[in-house]
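Asks: My structure is stored as my_file21.cif, with mmCIF, C-alpha atoms.
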```cif
data_coords
loop_
_atom_site.label_atom_id
_atom_site.label_comp_id
_atom_site.auth_asym_id
_atom_site.auth_seq_id
_atom_site.Cartn_x
_atom_site.Cartn_y
_atom_site.Cartn_z
CA MET A 19 241.28 170.96 181.58
CA THR A 20 237.52 170.43 181.19
CA ASN A 21 235.08 172.93 179.73
CA ILE A 22 232.08 173.30 177.46
CA LEU A 23 232.09 175.24 174.19
CA ARG A 24 228.63 176.59 173.45
CA GLY A 25 227.37 177.64 170.04
CA ARG A 26 225.77 176.34 166.89
CA VAL A 27 227.40 172.94 166.31
CA LEU A 28 227.97 171.54 162.80
CA SER A 29 229.75 168.28 162.00
CA PHE A 30 229.72 166.13 158.86
CA THR A 31 229.06 162.41 159.09
CA ARG A 32 229.58 161.53 155.39
CA GLN A 33 230.07 163.11 151.98
CA PRO A 34 227.03 165.13 150.85
CA GLU A 35 225.40 163.62 147.78
CA ASN A 36 223.92 166.90 146.55
CA ALA A 37 223.44 170.54 147.49
CA ASP A 38 220.50 169.73 149.77
CA ASP A 39 221.77 166.59 151.49
CA HIS A 40 220.87 167.52 155.05
CA ALA A 41 221.34 163.92 156.20
CA SER A 42 225.11 164.23 155.64
CA TYR A 43 225.70 166.29 158.77
CA THR A 44 224.51 166.93 162.30
CA TYR A 45 223.53 170.44 163.33
CA ILE A 46 222.50 171.65 166.76
CA GLU A 47 221.15 175.20 167.00
CA ASP A 48 222.08 175.67 170.67
CA GLY A 49 224.76 173.06 171.01
CA ALA A 50 227.56 172.21 173.38
CA ILE A 51 230.85 170.37 173.07
CA LEU A 52 232.30 168.94 176.27
CA VAL A 53 236.09 168.94 176.06
CA SER A 54 238.40 167.25 178.55
CA ASP A 55 242.07 166.29 178.31
CA GLY A 56 242.21 167.37 174.68
CA LEU A 57 239.38 165.11 173.52
CA ILE A 58 235.70 165.59 172.75
CA LYS A 59 233.81 163.79 175.51
CA ALA A 60 230.22 164.69 174.64
CA VAL A 61 228.24 166.66 172.06
CA GLY A 62 224.60 167.64 172.32
CA ALA A 63 222.04 170.28 173.09
CA PHE A 64 223.32 172.76 175.65
CA ASP A 65 220.39 172.31 178.00
CA GLU A 66 221.10 168.58 178.17
CA MET A 67 224.81 168.95 178.92
CA LEU A 68 226.50 168.51 182.29
CA SER A 69 226.19 171.38 184.72
CA GLY A 70 228.96 172.64 186.93
CA VAL A 71 231.50 172.85 184.09
CA GLU A 72 233.01 176.11 182.86
CA VAL A 73 231.19 177.31 179.72
CA VAL A 74 232.82 179.30 176.93
CA ASP A 75 229.88 180.91 175.17
CA HIS A 76 230.48 181.41 171.45
CA ARG A 77 226.88 182.06 170.44
CA PRO A 78 225.71 182.89 167.81
CA ASN A 79 228.81 181.62 166.05
CA LEU A 80 229.31 178.26 164.40
CA LEU A 81 231.46 175.50 165.91
CA MET A 82 233.08 173.06 163.45
CA ALA A 83 236.01 170.68 163.30
CA GLY A 84 239.29 172.43 162.56
CA PHE A 85 240.28 172.70 158.92
CA ILE A 86 242.83 170.39 157.28
CA ASP A 87 245.25 171.55 154.57
CA THR A 88 246.66 168.53 152.74
CA HIS A 89 249.39 170.14 150.59
CA ASN A 90 251.53 173.19 151.18
CA HIS A 91 255.17 174.29 151.30
CA PHE A 92 256.42 175.57 154.63
CA PRO A 93 259.60 177.15 153.11
CA GLN A 94 257.63 179.16 150.54
CA MET A 95 256.04 181.73 152.82
CA GLN A 96 258.24 184.51 151.43
CA VAL A 97 257.50 183.76 147.77
CA ILE A 98 253.70 184.07 147.93
CA GLY A 99 252.53 186.55 145.33
CA SER A 100 255.69 186.37 143.18
CA TYR A 101 254.83 187.81 139.80
CA GLY A 102 254.72 186.47 136.32
CA ALA A 103 255.89 182.90 135.77
CA GLN A 104 254.51 179.43 135.13
CA LEU A 105 255.58 176.41 137.08
CA LEU A 106 259.15 175.57 136.04
CA ASP A 107 260.27 179.20 135.79
CA TRP A 108 258.48 179.98 139.05
CA LEU A 109 260.41 177.22 140.81
CA ASN A 110 263.76 178.34 139.41
CA ASN A 111 263.22 182.08 139.83
CA TYR A 112 261.50 182.23 143.20
CA THR A 113 261.07 178.96 145.05
CA PHE A 114 264.49 177.39 144.85
CA PRO A 115 266.37 180.57 145.91
CA ALA A 116 264.05 180.95 148.91
CA GLU A 117 264.46 177.32 149.92
CA THR A 118 268.26 177.49 149.92
CA ARG A 119 268.01 179.66 153.06
CA PHE A 120 266.58 176.77 155.07
CA VAL A 121 270.01 175.26 155.58
CA ASP A 122 270.10 177.80 158.43
CA ARG A 123 268.17 176.42 161.39
CA THR A 124 267.65 179.91 162.82
CA HIS A 125 265.89 180.99 159.64
CA ALA A 126 263.87 177.78 159.54
CA ASP A 127 262.78 178.26 163.15
CA ARG A 128 261.65 181.83 162.45
CA ILE A 129 259.59 180.84 159.43
CA ALA A 130 258.09 177.89 161.32
CA VAL A 131 256.70 180.28 163.93
CA SER A 132 255.09 182.43 161.23
CA TYR A 133 253.82 179.36 159.39
CA PHE A 134 251.91 177.95 162.34
CA ASP A 135 250.68 181.43 163.27
CA GLU A 136 249.07 181.71 159.83
CA MET A 137 247.66 178.19 159.87
CA LEU A 138 245.97 178.71 163.23
CA ARG A 139 244.88 182.26 162.40
CA ASN A 140 242.97 180.81 159.46
CA GLY A 141 241.45 177.92 161.37
CA THR A 142 243.70 175.19 159.99
CA THR A 143 244.54 172.75 162.75
CA THR A 144 246.19 170.02 160.64
CA PRO A 145 248.67 171.00 157.90
CA VAL A 146 250.55 168.69 155.55
CA ALA A 147 253.77 170.39 154.48
CA TYR A 148 256.78 169.93 152.26
CA CYS A 149 259.89 171.16 154.02
CA SER A 150 263.08 172.01 152.10
CA VAL A 151 265.78 169.49 151.22
CA HIS A 152 267.55 170.33 154.46
CA LYS A 153 267.05 168.10 157.48
CA ALA A 154 267.07 171.25 159.65
CA SER A 155 263.93 172.53 157.97
CA ALA A 156 261.95 169.41 158.89
CA ASP A 157 263.26 169.53 162.45
CA ALA A 158 262.16 173.17 162.71
CA TYR A 159 258.72 172.36 161.32
CA PHE A 160 258.03 169.46 163.65
CA ALA A 161 259.55 171.16 166.69
CA GLU A 162 257.23 174.16 166.32
CA ALA A 163 254.23 171.88 165.79
CA GLU A 164 255.20 169.98 168.93
CA ARG A 165 255.51 173.22 170.91
CA ARG A 166 251.93 174.11 169.98
CA ASN A 167 250.63 170.53 170.19
CA VAL A 168 249.40 170.74 166.59
CA ARG A 169 248.78 167.58 164.58
CA ALA A 170 251.18 168.08 161.68
CA LEU A 171 252.31 165.98 158.75
CA GLY A 172 255.36 166.72 156.64
CA GLY A 173 258.81 165.78 155.50
CA LYS A 174 262.03 166.97 153.92
CA VAL A 175 262.00 166.86 150.13
CA LEU A 176 264.22 164.47 148.18
CA MET A 177 266.02 166.27 145.33
CA ASP A 178 269.24 165.11 143.71
CA ARG A 179 269.09 166.83 140.29
CA ASN A 180 267.72 169.81 138.35
CA ALA A 181 267.99 172.24 141.25
CA PRO A 182 270.70 174.63 142.55
CA ASP A 183 273.66 173.13 144.38
CA GLY A 184 272.38 174.38 147.72
CA LEU A 185 269.21 172.34 147.27
CA LEU A 186 270.62 168.97 146.27
CA ASP A 187 271.01 165.88 148.38
CA THR A 188 272.15 162.45 147.20
CA PRO A 189 270.26 159.17 147.19
CA GLN A 190 272.24 158.05 150.24
CA SER A 191 271.89 161.30 152.21
CA ALA A 192 268.18 161.44 151.32
CA TYR A 193 267.75 157.95 152.73
CA ASP A 194 269.81 158.63 155.85
CA ASP A 195 268.21 161.99 156.65
CA THR A 196 264.68 160.76 156.01
CA LYS A 197 265.22 157.62 158.09
CA ALA A 198 266.56 159.72 160.97
CA LEU A 199 263.63 162.14 160.75
CA ILE A 200 261.11 159.31 160.72
CA GLU A 201 262.71 157.77 163.80
CA LYS A 202 262.73 161.14 165.56
CA TRP A 203 259.25 162.43 164.70
CA HIS A 204 256.85 159.91 163.17
CA GLY A 205 254.16 158.95 165.64
CA LYS A 206 255.76 161.04 168.38
CA GLY A 207 253.06 163.17 169.95
CA ARG A 208 250.86 164.37 167.09
CA ALA A 209 253.54 164.28 164.36
CA LEU A 210 253.27 162.06 161.28
CA TYR A 211 255.92 161.81 158.62
CA ALA A 212 255.49 162.13 154.86
CA ILE A 213 258.24 160.73 152.63
CA SER A 214 258.58 163.53 150.07
CA PRO A 215 260.23 163.08 146.68
CA ARG A 216 259.46 166.54 145.33
CA PHE A 217 258.63 165.28 141.84
CA ALA A 218 260.21 163.03 139.25
CA ILE A 219 262.06 165.94 137.60
CA THR A 220 264.21 166.49 140.68
CA SER A 221 264.88 162.84 141.51
CA THR A 222 267.11 160.46 139.57
CA PRO A 223 266.07 156.82 139.18
CA ASP A 224 268.51 155.98 141.97
CA GLN A 225 266.76 158.38 144.29
CA MET A 226 263.34 157.11 143.26
CA GLU A 227 264.55 153.69 144.35
CA VAL A 228 265.46 155.23 147.70
CA ALA A 229 261.94 156.65 147.99
CA GLN A 230 260.59 153.20 147.13
CA ALA A 231 262.68 151.63 149.89
CA LEU A 232 261.61 154.23 152.44
CA VAL A 233 257.93 153.72 151.64
CA ALA A 234 258.30 149.94 151.85
CA GLU A 235 260.18 150.13 155.15
CA ASN A 236 257.77 152.63 156.73
CA PRO A 237 254.23 151.60 155.78
CA THR A 238 252.58 153.89 158.35
CA CYS A 239 254.25 156.96 156.86
CA TYR A 240 252.68 159.01 154.09
CA MET A 241 254.16 159.69 150.66
CA GLN A 242 253.68 163.07 149.01
CA THR A 243 254.76 164.33 145.62
CA HIS A 244 253.54 166.35 142.63
CA LEU A 245 251.80 165.02 139.54
CA SER A 246 250.64 166.51 136.22
CA GLU A 247 250.50 170.14 137.26
CA ASN A 248 251.72 171.76 134.05
CA HIS A 249 252.10 170.71 130.39
CA ASP A 250 255.79 171.67 130.23
CA GLU A 251 256.42 169.80 133.48
CA ILE A 252 254.79 166.67 132.06
CA ALA A 253 256.81 166.86 128.84
CA TYR A 254 260.08 167.36 130.73
CA THR A 255 259.26 164.52 133.11
CA MET A 256 258.58 162.11 130.27
CA SER A 257 261.83 163.10 128.56
CA LEU A 258 263.63 162.02 131.75
CA TYR A 259 261.63 158.79 132.13
CA PRO A 260 260.70 157.81 128.54
CA GLU A 261 260.36 154.13 129.40
CA HIS A 262 257.18 154.72 131.42
CA PRO A 263 253.66 154.99 129.92
CA ASP A 264 252.82 158.32 131.55
CA TYR A 265 253.72 160.57 134.50
CA LEU A 266 251.84 158.50 137.07
CA GLY A 267 253.50 155.39 135.68
CA ILE A 268 256.80 156.57 137.13
CA TYR A 269 255.45 156.64 140.68
CA GLU A 270 253.60 153.41 139.99
CA HIS A 271 256.82 151.70 138.87
CA TYR A 272 258.60 152.73 142.05
CA GLY A 273 255.85 151.50 144.34
CA LEU A 274 254.88 154.92 145.66
CA LEU A 275 251.11 154.68 145.16
CA GLY A 276 248.53 153.63 147.74
CA PRO A 277 246.06 154.93 150.33
CA ARG A 278 248.73 157.11 151.96
CA ALA A 279 249.97 158.62 148.69
CA LEU A 280 249.11 162.32 148.36
CA LEU A 281 249.57 163.48 144.77
CA GLY A 282 249.44 167.23 144.39
CA HIS A 283 247.50 168.84 141.51
CA CYS A 284 246.56 165.97 139.12
CA ILE A 285 245.22 168.44 136.57
CA HIS A 286 246.14 166.78 133.28
CA LEU A 287 245.56 163.08 133.96
CA ASN A 288 244.76 160.58 131.25
CA ASP A 289 242.23 157.77 131.56
CA ARG A 290 244.84 155.20 132.57
CA GLU A 291 246.22 157.44 135.30
CA ARG A 292 242.78 158.02 136.81
CA SER A 293 242.09 154.29 136.70
CA VAL A 294 245.36 153.44 138.45
CA MET A 295 244.80 156.11 141.08
CA ALA A 296 241.35 154.70 141.79
CA ASP A 297 242.64 151.12 141.92
CA THR A 298 245.43 152.03 144.34
CA ALA A 299 243.25 154.39 146.45
CA SER A 300 245.82 157.15 145.92
CA VAL A 301 244.70 160.72 146.66
CA ALA A 302 244.44 163.58 144.14
CA VAL A 303 245.03 166.86 145.97
CA PHE A 304 243.16 169.80 144.40
CA CYS A 305 245.04 173.10 144.85
CA PRO A 306 242.85 175.71 143.14
CA THR A 307 244.48 179.02 144.08
CA SER A 308 247.87 177.72 142.97
CA ASN A 309 246.53 176.19 139.76
CA LEU A 310 244.96 179.51 138.77
CA PHE A 311 247.81 181.75 139.93
CA ILE A 312 250.56 179.81 138.14
CA GLY A 313 248.29 179.23 135.14
CA SER A 314 248.55 175.45 135.31
CA GLY A 315 244.98 174.57 134.35
CA LEU A 316 241.61 173.54 135.74
CA PHE A 317 241.29 170.45 137.94
CA ASN A 318 238.42 168.28 136.70
CA GLU A 319 236.78 167.61 140.06
CA GLU A 320 233.67 165.96 138.69
CA ARG A 321 235.47 163.55 136.34
CA THR A 322 238.09 162.68 138.95
CA ARG A 323 235.44 161.92 141.57
CA GLN A 324 233.22 159.99 139.16
CA ASP A 325 236.19 157.83 138.16
CA GLY A 326 236.54 156.77 141.79
CA VAL A 327 239.64 158.75 142.69
CA ARG A 328 239.87 159.99 146.25
CA ILE A 329 240.05 163.81 146.41
CA ALA A 330 241.50 166.21 148.96
CA VAL A 331 241.85 170.00 148.89
CA ALA A 332 244.74 172.26 149.83
CA THR A 333 246.18 175.78 149.75
CA ASP A 334 249.55 174.91 148.16
CA ILE A 335 251.26 177.88 149.77
CA GLY A 336 253.32 179.51 148.21
CA GLY A 337 252.13 178.86 144.64
CA GLY A 338 248.77 179.21 146.31
CA THR A 339 247.83 182.74 147.26
CA SER A 340 246.04 182.37 150.60
CA TYR A 341 246.42 180.45 153.85
CA SER A 342 242.64 180.45 154.17
CA MET A 343 240.65 177.34 153.35
CA PHE A 344 237.71 179.70 152.70
CA ARG A 345 239.67 181.39 149.92
CA THR A 346 240.81 177.99 148.67
CA MET A 347 237.27 176.67 148.35
CA ASP A 348 236.07 179.95 146.85
CA GLU A 349 238.57 179.42 144.02
CA ALA A 350 237.65 175.73 143.84
CA TYR A 351 234.04 176.76 143.23
CA LYS A 352 235.15 179.02 140.37
CA VAL A 353 237.34 176.31 138.83
CA CYS A 354 234.29 174.05 138.79
CA GLN A 355 232.04 176.81 137.44
CA LEU A 356 234.38 177.32 134.48
CA GLN A 357 233.82 173.66 133.56
CA ASN A 358 230.04 173.69 134.10
CA GLN A 359 230.50 171.67 137.27
CA ASN A 360 229.01 172.27 140.70
CA LEU A 361 230.69 172.53 144.09
CA PRO A 362 227.96 173.15 146.69
CA PRO A 363 228.88 174.71 150.03
CA LEU A 364 228.02 171.57 152.01
CA TYR A 365 230.48 169.60 149.89
CA ALA A 366 233.11 172.34 150.20
CA PHE A 367 232.97 172.31 154.00
CA TYR A 368 232.91 168.53 154.03
CA LEU A 369 236.14 168.52 152.00
CA MET A 370 237.83 171.00 154.36
CA THR A 371 237.03 168.82 157.37
CA LEU A 372 235.92 165.19 157.21
CA GLY A 373 236.81 164.77 153.54
CA ASN A 374 240.43 165.74 154.08
CA ALA A 375 240.55 163.67 157.27
CA LYS A 376 239.39 160.62 155.29
CA ALA A 377 241.98 161.34 152.61
CA LEU A 378 244.59 161.07 155.37
CA GLY A 379 242.95 158.05 156.99
CA LEU A 380 242.57 160.10 160.17
CA GLU A 381 238.80 160.43 160.38
CA ALA A 382 238.78 158.71 163.79
CA GLU A 383 241.05 161.45 165.16
CA ILE A 384 240.24 164.69 163.34
CA GLY A 385 237.76 166.22 160.90
CA THR A 386 234.58 165.76 162.94
CA LEU A 387 233.11 166.63 166.32
CA GLU A 388 232.39 162.99 167.14
CA VAL A 389 232.92 161.82 170.72
CA GLY A 390 236.49 160.59 171.07
CA SER A 391 237.89 162.91 168.40
CA GLU A 392 240.75 165.22 169.17
CA ALA A 393 239.34 168.60 170.20
CA ASP A 394 240.58 170.62 167.22
CA ILE A 395 237.72 173.06 166.74
CA VAL A 396 237.09 176.34 164.93
CA VAL A 397 234.62 179.05 165.81
CA LEU A 398 233.25 180.82 162.72
CA ASP A 399 231.50 184.18 162.32
CA ALA A 400 229.76 184.71 158.98
CA SER A 401 229.16 188.38 159.88
CA ALA A 402 232.80 189.18 160.59
CA THR A 403 233.05 192.10 158.16
CA PRO A 404 230.53 194.83 157.29
CA ALA A 405 230.02 193.34 153.83
CA MET A 406 229.40 189.89 155.28
CA ALA A 407 227.05 191.23 157.94
CA LEU A 408 225.02 193.03 155.28
CA ARG A 409 224.80 189.87 153.19
CA MET A 410 223.85 187.78 156.22
CA GLU A 411 220.73 189.92 156.73
CA THR A 412 219.19 188.05 153.80
CA VAL A 413 220.52 184.54 154.53
CA THR A 414 217.82 182.01 155.42
CA SER A 415 219.63 178.63 155.52
CA LEU A 416 222.76 176.98 156.87
CA ALA A 417 224.01 176.24 153.35
CA GLU A 418 223.69 179.92 152.44
CA GLU A 419 225.64 180.88 155.54
CA LEU A 420 228.41 178.45 154.64
CA PHE A 421 228.56 179.90 151.15
CA VAL A 422 228.96 183.40 152.58
CA LEU A 423 231.91 182.13 154.61
CA GLN A 424 233.31 180.33 151.56
CA THR A 425 233.08 183.31 149.23
CA LEU A 426 233.61 186.30 151.55
CA GLY A 427 235.34 184.88 154.61
CA ASP A 428 239.00 185.02 155.63
CA ASP A 429 240.95 184.91 158.89
CA ARG A 430 238.63 187.56 160.36
CA SER A 431 235.81 185.03 160.22
CA VAL A 432 237.77 182.68 162.48
CA VAL A 433 236.83 183.86 165.95
CA GLU A 434 238.91 181.21 167.70
CA THR A 435 240.91 178.10 166.87
CA TYR A 436 241.12 175.37 169.48
CA VAL A 437 243.96 172.86 169.42
CA VAL A 438 243.22 169.82 171.60
CA GLY A 439 240.76 172.00 173.45
CA MET A 440 243.07 174.97 174.08
CA ALA A 441 242.46 178.37 172.49
CA ALA A 442 245.33 178.83 170.02
CA LYS A 443 244.53 181.57 167.50
CA PRO A 444 247.44 184.06 167.53
#
```
Would you give me this structure, written as structure tokens?
Replies:
Amino acid sequence: MTNILRGRVLSFTRQPENADDHASYTYIEDGAILVSDGLIKAVGAFDEMLSGVEVVDHRPNLLMAGFIDTHNHFPQMQVIGSYGAQLLDWLNNYTFPAETRFVDRTHADRIAVSYFDEMLRNGTTTPVAYCSVHKASADAYFAEAERRNVRALGGKVLMDRNAPDGLLDTPQSAYDDTKALIEKWHGKGRALYAISPRFAITSTPDQMEVAQALVAENPTCYMQTHLSENHDEIAYTMSLYPEHPDYLGIYEHYGLLGPRALLGHCIHLNDRERSVMADTASVAVFCPTSNLFIGSGLFNEERTRQDGVRIAVATDIGGGTSYSMFRTMDEAYKVCQLQNQNLPPLYAFYLMTLGNAKALGLEAEIGTLEVGSEADIVVLDASATPAMALRMETVTSLAEELFVLQTLGDDRSVVETYVVGMAAKP
């Protein structure tokens, strides 16, 4: 299928250096994106584009690369908004009971449909998900992504202690199931696998060695886990692994760090941990709605970035409270404000698109509207609600418009979501 999407075209080319860094992006007021066979073939002014091709006119809306969510939990859709607990209690009271149901493939399939509906409804075209401990949950996740032709990353969690019986594997079964899932899904179509030891609390040293072996044997896979989200979590972790210098030192010891390591939260890092993360090019994943909702703390975005650590952003459903990357970056802005730090709208939208793509090493495939990129595209309306339309009457710049989307937008602001060039918003 070949067509042209017409509208105002915005794509980032690098990280903005400040709030007014207009050289960090390309913007075309009356632009066009030529899409064919799922790829972007040309981008430019509409009046300079090929004639004789079907045009889908989205004016006056904004066309951008689809959003990327680098950390969330597919089995936690039914625990969003669970009241009144911090991390460890929240896991035991809400998350673990919900995840035990994913042994049932029928249940996993049903939730997978709802999960990808919500992702696409909110303009997210590339999610990175933790599945449950059950192999069936990962199969359900990847099968639904394949059905919709969505680029999806994920993996079954490894957990062999400190969880209910229905959520425990063993080091051997974790290895066998993960190996089988990698062989079945990784690099097949648009699927990419993430080896997923949930966190050190739920993995014995024997299982951490299994994770180490899996990472070593599968260097093109990702590794995702949690790090320094909560003070009680850190204390408990160190009581289980007292021989290591700090929380990150555990993952360091087992060879889990590197450019494909996605470490969720990273709120309470010490100087050594930030230095090691920078040296290994590991990624700190900022999950603001979750950090605030569960009361974990404030991610120090400025210090983390200045220390050379790569940063990504994510919803962290279901500790996070919204599937929307707008809502996520709205809360990220507030987290920074509380620390006298700044998160300008250009930087926020860079993080949601090209920044997250770079964190995944996928900037040649997703995250921009460059020629040759996969045609995952969102169409955005900053006047989608009466309140937004009223505010937009006074907006005079692109950055202001982006900030309206960031602070007031939600799924209603996503007019359409294109997946490899096909309209896909539910």
Asks: Find, counting all atoms listed in the file, the residue in A:Asn318, A:Thr88, A:Thr339, A:Thr435 that gets nearest to A:Tyr101.
Replies: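 Among A:Asn318, A:Thr88, A:Thr339, A:Thr435, it is A:Thr339 that comes nearest to A:Tyr101.
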Asks: What does the PyMOL selection byres ((chain A and resi 162) around 8) select in this file, as a ChimeraX atom specification?
Replies: /A:127,130-131,134,158-161,163-166
Asks: Hey, what comes out of the PyMOL selection byres ((chain A and resi 227) around 12) on this file? Could you write it as a PyMOL selection string?
Replies: chain A and resi 176+188-190+192-193+215+218+221-226+228-234+268-274
Asks: So what does the PyMOL selection byres ((chain A and resi 386) around 6) actually pick up in this one, as JSON, numbers by chain?
Replies: {"A": [29, 83, 372, 384, 385, 387, 388]}
Asks: What's the 12 Å shell around A:Thr31, counting only C-alpha atoms, without same-chain residues fewer than 5 positions away, as a PyMOL selection string?
Replies: chain A and resi 39-45+83+364-365+367-369+371-373+375-376+381-382+385-388
Asks: I'd like the interatomic distance between atom CA of A:Tyr341 and atom CA of A:Ala417, to a tenth of an Å.
Replies: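 Pair atom CA of A:Tyr341 / atom CA of A:Ala417 returns 22.8 Å.
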Asks: Rounded to one decimal, what separation in Å do you get between atom CA of A:Arg430 and atom CA of A:Ile46?
Replies: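 If I compute the distance from atom CA of A:Arg430 to atom CA of A:Ile46, I get 23.5 Å.
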Asks: From the set A:Ser300, A:Gln424, A:Asn90, A:Ser314, which residue has the shortest atom-to-atom contact distance to A:Leu106, counting all atoms listed in the file?
Replies: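 Of A:Ser300, A:Gln424, A:Asn90, A:Ser314, the one nearest A:Leu106 is A:Ser314, counting all atoms listed in the file.
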Asks: Residues within 10 Å of A:Ser100, please, as a PyMOL selection string. Count all atoms listed in the file; anything in the same chain fewer than 3 positions from it doesn't count.
Replies: chain A and resi 96-97+103+108+111-113+311-312+336-337+339
